[in-house]
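Peer 1: run_9.txt (compact mmCIF, C-alpha atoms) pasted underneath:
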```txt
# COMPACT_ATOMS: atom_id res chain seq x y z
CA MET A 19 69.82 158.53 44.51
CA ASN A 20 67.71 161.63 45.23
CA THR A 21 70.25 163.75 43.36
CA THR A 22 70.14 161.40 40.38
CA VAL A 23 66.35 161.57 40.26
CA ARG A 24 66.35 165.33 40.91
CA ASN A 25 68.73 165.96 38.01
CA ASN A 26 66.81 163.71 35.62
CA VAL A 27 63.12 164.32 36.35
CA PRO A 28 62.13 165.00 32.70
CA THR A 29 64.09 162.00 31.39
CA LEU A 30 62.72 159.66 34.06
CA THR A 31 59.21 161.01 33.46
CA ALA A 32 59.52 160.23 29.75
CA LEU A 33 60.96 156.76 30.35
CA LEU A 34 58.32 155.79 32.93
CA SER A 35 55.55 157.21 30.74
CA ILE A 36 56.67 155.27 27.67
CA VAL A 37 56.86 152.01 29.63
CA SER A 38 53.46 152.61 31.26
CA LEU A 39 51.72 153.55 28.02
CA ALA A 40 53.31 150.57 26.25
CA LEU A 41 51.82 148.30 28.92
CA VAL A 42 48.40 149.90 28.49
CA PHE A 43 48.43 149.68 24.69
CA GLY A 44 49.86 146.16 24.84
CA ALA A 45 46.99 145.01 27.04
CA VAL A 46 44.26 146.79 25.08
CA LEU A 47 45.57 145.62 21.72
CA GLY A 48 46.01 142.04 22.96
CA VAL A 49 49.77 141.87 22.44
CA VAL A 50 50.23 139.53 25.40
CA PRO A 51 48.82 136.09 24.62
CA GLU A 52 45.90 135.23 26.90
CA HIS A 53 47.47 131.88 27.84
CA ALA A 54 50.56 133.69 29.20
CA ILE A 55 48.51 135.26 32.00
CA PRO A 56 47.16 133.21 34.89
CA ARG A 57 43.38 133.34 34.81
CA ALA A 58 41.44 134.24 37.94
CA PRO A 59 37.98 132.76 38.51
CA ASP A 60 35.26 134.22 36.30
CA SER A 61 33.50 135.66 39.35
CA PHE A 62 36.61 137.75 40.13
CA LEU A 63 36.92 138.92 36.52
CA ALA A 64 33.24 139.88 36.52
CA ALA A 65 33.72 141.84 39.76
CA ILE A 66 36.63 143.95 38.43
CA PRO A 67 34.50 146.66 36.74
CA HIS A 68 32.48 147.13 39.94
CA LEU A 69 35.61 147.16 42.08
CA ASN A 70 37.21 149.68 39.73
CA ALA A 71 34.16 151.93 39.95
CA ALA A 72 34.45 151.87 43.75
CA ILE A 73 38.19 152.58 43.48
CA SER A 74 37.44 155.51 41.17
CA VAL A 75 34.90 157.04 43.54
CA ALA A 76 37.29 156.61 46.48
CA ALA A 77 40.12 158.17 44.43
CA ILE A 78 37.95 161.17 43.54
CA ALA A 79 37.19 161.76 47.23
CA ILE A 80 40.80 161.27 48.36
CA ILE A 81 42.39 163.38 45.61
CA SER A 82 39.85 166.16 46.22
CA ALA A 83 40.59 166.07 49.95
CA ALA A 84 44.33 166.11 49.30
CA TRP A 85 43.96 169.09 46.97
CA HIS A 86 41.93 170.90 49.63
CA ALA A 87 44.57 169.97 52.24
CA ILE A 88 47.38 171.70 50.35
CA GLN A 89 45.23 174.79 49.90
CA GLN A 90 44.87 174.84 53.69
CA GLY A 91 48.63 174.37 54.18
CA HIS A 92 48.40 170.77 55.44
CA LEU A 93 51.43 169.31 53.65
CA LEU A 94 51.48 165.89 55.29
CA ARG A 95 47.76 165.35 54.66
CA HIS A 96 48.27 166.45 51.03
CA ARG A 97 51.19 164.09 50.50
CA THR A 98 49.40 161.19 52.17
CA GLY A 99 46.26 161.79 50.12
CA MET A 100 48.06 162.10 46.81
CA MET A 101 50.13 158.97 47.48
CA THR A 102 46.92 157.13 48.37
CA GLY A 103 45.37 158.42 45.15
CA LEU A 104 48.38 157.12 43.25
CA VAL A 105 48.07 153.69 44.89
CA LEU A 106 44.38 153.62 43.96
CA PHE A 107 45.24 154.61 40.38
CA VAL A 108 47.82 151.80 40.14
CA ALA A 109 45.31 149.31 41.60
CA PHE A 110 42.64 150.48 39.15
CA LEU A 111 45.01 150.28 36.20
CA GLY A 112 46.39 146.88 37.20
CA LEU A 113 42.91 145.40 37.55
CA TYR A 114 41.72 147.01 34.32
CA LEU A 115 44.73 145.81 32.32
CA TYR A 116 44.46 142.31 33.79
CA ARG A 117 40.80 142.01 32.78
CA VAL A 118 41.30 143.56 29.33
CA SER A 119 44.28 141.31 28.66
CA LEU A 120 42.13 138.26 29.31
CA GLU A 121 38.74 139.32 27.96
CA GLY A 122 39.32 142.31 25.73
CA PRO A 123 37.46 145.61 26.00
CA THR A 124 33.81 145.49 27.04
CA GLU A 125 31.36 146.09 24.18
CA PHE A 126 28.75 148.77 24.72
CA PRO A 127 25.38 146.99 25.04
CA GLY A 128 23.12 150.01 24.51
CA PRO A 129 21.53 151.59 21.45
CA LYS A 130 23.76 152.52 18.53
CA ALA A 131 22.88 156.25 18.74
CA VAL A 132 23.79 156.38 22.44
CA LYS A 133 27.01 154.53 21.69
CA GLN A 134 27.96 156.89 18.87
CA PHE A 135 26.96 160.23 20.38
CA VAL A 136 27.32 159.69 24.14
CA TYR A 137 29.36 156.64 25.11
CA LEU A 138 32.23 156.83 22.60
CA PRO A 139 32.88 160.59 23.06
CA ILE A 140 32.90 160.19 26.86
CA LEU A 141 35.13 157.12 26.60
CA ALA A 142 37.51 158.91 24.23
CA ILE A 143 37.86 161.94 26.52
CA HIS A 144 38.33 159.65 29.53
CA MET A 145 41.06 157.68 27.75
CA VAL A 146 42.90 160.75 26.42
CA LEU A 147 42.86 162.38 29.86
CA ALA A 148 44.10 159.17 31.47
CA MET A 149 46.99 158.97 28.99
CA VAL A 150 47.86 162.65 29.43
CA CYS A 151 47.78 162.22 33.21
CA ILE A 152 50.43 159.51 33.24
CA PRO A 153 53.43 161.74 32.41
CA LEU A 154 52.05 164.61 34.49
CA LEU A 155 51.65 162.35 37.51
CA TYR A 156 55.13 160.90 37.11
CA TYR A 157 56.55 164.41 36.77
CA VAL A 158 54.94 165.83 39.93
CA LEU A 159 55.65 162.61 41.85
CA LEU A 160 59.33 162.64 40.90
CA LEU A 161 59.58 166.31 41.84
CA ALA A 162 57.91 165.63 45.19
CA LEU A 163 60.16 162.67 45.95
CA SER A 164 63.41 164.32 44.89
CA HIS A 165 63.06 167.74 46.51
CA PRO A 166 62.72 168.85 50.11
CA VAL A 167 59.21 170.11 50.87
CA SER A 168 60.58 173.62 51.38
CA GLU A 169 61.85 173.70 47.76
CA LEU A 170 58.69 172.39 46.07
CA PRO A 171 57.01 175.82 45.76
CA ASN A 172 60.02 176.91 43.66
CA THR A 173 59.62 174.00 41.22
CA ASN A 174 56.92 173.21 38.66
CA HIS A 175 55.26 170.91 41.20
CA PRO A 176 52.46 173.31 42.27
CA ARG A 177 51.63 174.48 38.74
CA VAL A 178 51.81 171.08 37.02
CA GLY A 179 50.21 169.44 40.06
CA ARG A 180 47.10 171.60 39.71
CA ILE A 181 46.79 170.63 36.05
CA ALA A 182 47.49 166.95 36.76
CA ALA A 183 44.97 166.81 39.62
CA SER A 184 42.27 168.52 37.54
CA LEU A 185 42.73 166.14 34.64
CA TRP A 186 43.08 163.14 36.96
CA LEU A 187 39.82 163.95 38.74
CA THR A 188 38.02 164.51 35.45
CA SER A 189 39.34 161.22 34.05
CA PHE A 190 38.24 159.30 37.15
CA ALA A 191 34.79 160.96 37.03
CA LEU A 192 34.34 160.15 33.35
CA GLY A 193 35.44 156.59 34.09
CA VAL A 194 32.57 156.34 36.56
CA VAL A 195 30.20 157.63 33.86
CA VAL A 196 31.55 154.99 31.43
CA TYR A 197 30.99 152.34 34.11
CA GLY A 198 27.45 153.60 34.65
CA LEU A 199 26.67 153.42 30.94
CA LEU A 200 28.15 149.92 30.59
CA TYR A 201 26.94 148.24 33.77
CA VAL A 202 24.07 150.24 35.26
CA VAL A 203 22.10 152.00 32.53
CA TYR A 204 22.53 149.31 29.85
```
As structure tokens, please, write out the structure in this file.
Peer 2:
Amino acid sequence: MNTTVRNNVPTLTALLSIVSLALVFGAVLGVVPEHAIPRAPDSFLAAIPHLNAAISVAAIAIISAAWHAIQQGHLLRHRTGMMTGLVLFVAFLGLYLYRVSLEGPTEFPGPKAVKQFVYLPILAIHMVLAMVCIPLLYYVLLLALSHPVSELPNTNHPRVGRIAASLWLTSFALGVVVYGLLYVVY
């Protein structure tokens, strides 16, 4: 299996990215009928944005620590941190897609000028970075899982990983700003 993955990292990255992005767009565009999804209590649905903000802050801390760990040569700590960051990302995305599938995107409640010149640009950058991160994360993850640790420095893992982590951290941070604008400031 490792050889199959190792020999097909770009193809698997593309396939997983297409499926993931189709799920995201399907949820945001309301492709799945609301009645096809079991509905959690309203209190749980209302808690999802707050839970996702906490997940984002935790992910920022863990990914940053994992990045620092690899710079210090702590491979196991790096791998554990990045896998934890991935689990947090999947949890965030699952909760977000569940809520959006049932209730649609949250409308910005603040002034029109703030929405137009602050909120929407930040949201757009956050969303673009999140979408760009998906294939990058799959790529570095598949490389990491299909190669012995000793071979990873000779792959694109370190170079693409730095880019992926930078964009991932920025996307999470902007997500926290979006949360703040939607649920704290306004």
Peer 1: Provide the CA of Ala162 (chain A) to CA of Ile73 (chain A) distance in Å, to one decimal place.
Peer 2: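 Going from CA of Ala162 (chain A) over to CA of Ile73 (chain A), I get 23.7 Å.
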Peer 1: Let me make sure I understand: among A:Leu69, A:Val136, A:Ala142, A:Leu30, which one has the smallest atom-to-atom distance to Leu113 (chain A) if we use all atoms listed in the file?
Peer 2: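 For Leu113 (chain A), the nearest of the given residues is A:Leu69.
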Peer 1: Kindly indicate which residue among A:Trp186, A:Trp85, A:Tyr157, A:Tyr201 lies nearest to Ala32 (chain A), using all atoms listed in the file for the distances.
Peer 2: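 Among A:Trp186, A:Trp85, A:Tyr157, A:Tyr201, it is A:Tyr157 that comes nearest to Ala32 (chain A).
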Peer 1: One decimal, in Å: what's the spacing between CA of Leu159 (chain A) and CA of Thr31 (chain A)?
Peer 2: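 Pair CA of Leu159 (chain A) / CA of Thr31 (chain A) returns 9.3 Å.
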Peer 1: Rounded to one decimal place, report the CA of Leu163 (chain A)-CA of Ala72 (chain A) distance in Å.
Peer 2: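 Value for the CA of Leu163 (chain A)-CA of Ala72 (chain A) distance: 28.0 Å.
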Peer 1: Please determine, counting all atoms listed in the file, which residue among A:Val23, A:Val75, A:Val158, A:Leu192 has the shortest atom-to-atom distance to His175 (chain A).
Peer 2: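 When distances to His175 (chain A) are compared using all atoms listed in the file, the smallest one comes from A:Val158.
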Peer 1: Identify which of the residues A:Gly44, A:Gly179, A:Pro171, A:Pro28 lies closest to Cys151 (chain A), counting only C-alpha atoms when measuring atom-to-atom distances.
Peer 2: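 Selected residue with least distance to Cys151 (chain A): A:Gly179.
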Peer 1: Let me have the centre and edge lengths of the axis-aligned box enclosing all listed atoms of region 70-74 of chain A with 6 Å padding on every side, in Å to one decimal, as lines of an AutoDock Vina configuration file.
Peer 2:
```
center_x = 36.2
center_y = 152.6
center_z = 41.7
size_x = 16.0
size_y = 17.8
size_z = 16.0
```
Peer 1: I'd like the neighbourhood of Val167 (chain A) as a ChimeraX atom specification, where a residue qualifies if any of its atoms comes within 12 Å (using all atoms listed in the file), though same-chain residues fewer than 4 positions away should be ignored.
Peer 2: /A:88,91-94,96-97,161-163,171-173,175-176
Peer 1: Could you save the residues just selected, with C-alpha atoms, as a PDB file, keeping the file's coordinate frame?
Peer 2:
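Saved to result_9.pdb:
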```pdb
ATOM      1  CA  ILE A  88      47.380 171.700  50.350  1.00  0.00           C
ATOM      2  CA  GLY A  91      48.630 174.370  54.180  1.00  0.00           C
ATOM      3  CA  HIS A  92      48.400 170.770  55.440  1.00  0.00           C
ATOM      4  CA  LEU A  93      51.430 169.310  53.650  1.00  0.00           C
ATOM      5  CA  LEU A  94      51.480 165.890  55.290  1.00  0.00           C
ATOM      6  CA  HIS A  96      48.270 166.450  51.030  1.00  0.00           C
ATOM      7  CA  ARG A  97      51.190 164.090  50.500  1.00  0.00           C
ATOM      8  CA  LEU A 161      59.580 166.310  41.840  1.00  0.00           C
ATOM      9  CA  ALA A 162      57.910 165.630  45.190  1.00  0.00           C
ATOM     10  CA  LEU A 163      60.160 162.670  45.950  1.00  0.00           C
ATOM     11  CA  PRO A 171      57.010 175.820  45.760  1.00  0.00           C
ATOM     12  CA  ASN A 172      60.020 176.910  43.660  1.00  0.00           C
ATOM     13  CA  THR A 173      59.620 174.000  41.220  1.00  0.00           C
ATOM     14  CA  HIS A 175      55.260 170.910  41.200  1.00  0.00           C
ATOM     15  CA  PRO A 176      52.460 173.310  42.270  1.00  0.00           C
TER      16      PRO A 176
END
```
Peer 1: Residues at most 8 Å from region 64-67 of chain A, counting all atoms listed in the file, excluding those fewer than 4 positions away in the same chain, as a short mmCIF file (atom, residue, chain, number, x, y, z; two decimals) with C-alpha atoms, keeping the file's coordinate frame?
Peer 2:
```cif
data_model
loop_
_atom_site.label_atom_id
_atom_site.label_comp_id
_atom_site.auth_asym_id
_atom_site.auth_seq_id
_atom_site.Cartn_x
_atom_site.Cartn_y
_atom_site.Cartn_z
CA ASP A 60 35.26 134.22 36.30
CA ALA A 71 34.16 151.93 39.95
CA LEU A 113 42.91 145.40 37.55
CA TYR A 114 41.72 147.01 34.32
CA ARG A 117 40.80 142.01 32.78
CA TYR A 197 30.99 152.34 34.11
#
```
Peer 1: Which is closest to Val202 (chain A) among A:Ser164, A:Pro127, A:Leu141, A:Ile152, if we use only C-alpha atoms?
Peer 2: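 Counting only C-alpha atoms, the residue closest to Val202 (chain A) is A:Pro127.
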Peer 1: Using all atoms listed in the file, which residues sit within 9 Å of Val195 (chain A) once same-chain residues fewer than 3 positions away are excluded, as a ChimeraX atom specification?
Peer 2: /A:137,140-141,190-192,198-200
Peer 1: Tell me which of A:Gly99, A:Val42, A:Leu185, A:Pro51 sits closest to His86 (chain A), counting all atoms listed in the file.
Peer 2: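 Answer, going by the shortest atom-to-atom distance: A:Gly99.
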Peer 1: Can you patch up region 165-182 of chain A, filling it in to N, CA, C and O atoms, and show the result as a JSON list (two decimals), keeping the file's coordinate frame?
Peer 2:
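Saved result, out.json, follows:
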```
[["chain", "number", "residue", "atom", "x", "y", "z"],
["A", 165, "HIS", "N", 62.79, 166.41, 45.96],
["A", 165, "HIS", "CA", 63.06, 167.74, 46.51],
["A", 165, "HIS", "C", 62.56, 167.83, 47.94],
["A", 165, "HIS", "O", 61.51, 167.26, 48.26],
["A", 166, "PRO", "N", 63.26, 168.58, 48.76],
["A", 166, "PRO", "CA", 62.72, 168.85, 50.11],
["A", 166, "PRO", "C", 61.42, 169.64, 49.96],
["A", 166, "PRO", "O", 61.24, 170.41, 49.01],
["A", 167, "VAL", "N", 60.51, 169.45, 50.91],
["A", 167, "VAL", "CA", 59.21, 170.11, 50.87],
["A", 167, "VAL", "C", 59.37, 171.62, 50.75],
["A", 167, "VAL", "O", 58.62, 172.28, 50.02],
["A", 168, "SER", "N", 60.37, 172.17, 51.41],
["A", 168, "SER", "CA", 60.58, 173.62, 51.38],
["A", 168, "SER", "C", 60.92, 174.14, 49.99],
["A", 168, "SER", "O", 60.69, 175.31, 49.69],
["A", 169, "GLU", "N", 61.46, 173.28, 49.11],
["A", 169, "GLU", "CA", 61.85, 173.70, 47.76],
["A", 169, "GLU", "C", 60.73, 173.51, 46.73],
["A", 169, "GLU", "O", 60.79, 174.09, 45.65],
["A", 170, "LEU", "N", 59.73, 172.71, 47.05],
["A", 170, "LEU", "CA", 58.69, 172.39, 46.07],
["A", 170, "LEU", "C", 57.96, 173.61, 45.52],
["A", 170, "LEU", "O", 57.67, 173.65, 44.32],
["A", 171, "PRO", "N", 57.68, 174.64, 46.34],
["A", 171, "PRO", "CA", 57.01, 175.82, 45.76],
["A", 171, "PRO", "C", 57.84, 176.51, 44.67],
["A", 171, "PRO", "O", 57.29, 177.22, 43.83],
["A", 172, "ASN", "N", 59.14, 176.29, 44.66],
["A", 172, "ASN", "CA", 60.02, 176.91, 43.66],
["A", 172, "ASN", "C", 60.23, 176.01, 42.44],
["A", 172, "ASN", "O", 61.04, 176.34, 41.57],
["A", 173, "THR", "N", 59.53, 174.90, 42.38],
["A", 173, "THR", "CA", 59.62, 174.00, 41.22],
["A", 173, "THR", "C", 58.30, 174.09, 40.45],
["A", 173, "THR", "O", 57.40, 174.85, 40.82],
["A", 174, "ASN", "N", 58.17, 173.28, 39.43],
["A", 174, "ASN", "CA", 56.92, 173.21, 38.66],
["A", 174, "ASN", "C", 55.85, 172.37, 39.35],
["A", 174, "ASN", "O", 54.75, 172.23, 38.84],
["A", 175, "HIS", "N", 56.19, 171.80, 40.51],
["A", 175, "HIS", "CA", 55.26, 170.91, 41.20],
["A", 175, "HIS", "C", 53.88, 171.54, 41.44],
["A", 175, "HIS", "O", 52.86, 170.92, 41.08],
["A", 176, "PRO", "N", 53.80, 172.74, 42.02],
["A", 176, "PRO", "CA", 52.46, 173.31, 42.27],
["A", 176, "PRO", "C", 51.67, 173.57, 40.98],
["A", 176, "PRO", "O", 50.48, 173.24, 40.89],
["A", 177, "ARG", "N", 52.32, 174.13, 39.99],
["A", 177, "ARG", "CA", 51.63, 174.48, 38.74],
["A", 177, "ARG", "C", 51.21, 173.22, 37.97],
["A", 177, "ARG", "O", 50.05, 173.07, 37.59],
["A", 178, "VAL", "N", 52.13, 172.31, 37.76],
["A", 178, "VAL", "CA", 51.81, 171.08, 37.02],
["A", 178, "VAL", "C", 50.89, 170.20, 37.86],
["A", 178, "VAL", "O", 50.00, 169.53, 37.32],
["A", 179, "GLY", "N", 51.07, 170.23, 39.17],
["A", 179, "GLY", "CA", 50.21, 169.44, 40.06],
["A", 179, "GLY", "C", 48.75, 169.84, 39.96],
["A", 179, "GLY", "O", 47.86, 168.98, 39.97],
["A", 180, "ARG", "N", 48.49, 171.14, 39.86],
["A", 180, "ARG", "CA", 47.10, 171.60, 39.71],
["A", 180, "ARG", "C", 46.49, 171.07, 38.41],
["A", 180, "ARG", "O", 45.34, 170.62, 38.37],
["A", 181, "ILE", "N", 47.27, 171.13, 37.35],
["A", 181, "ILE", "CA", 46.79, 170.63, 36.05],
["A", 181, "ILE", "C", 46.58, 169.11, 36.12],
["A", 181, "ILE", "O", 45.54, 168.60, 35.71],
["A", 182, "ALA", "N", 47.58, 168.42, 36.66],
["A", 182, "ALA", "CA", 47.49, 166.95, 36.76],
["A", 182, "ALA", "C", 46.28, 166.54, 37.60],
["A", 182, "ALA", "O", 45.52, 165.64, 37.20]]
```
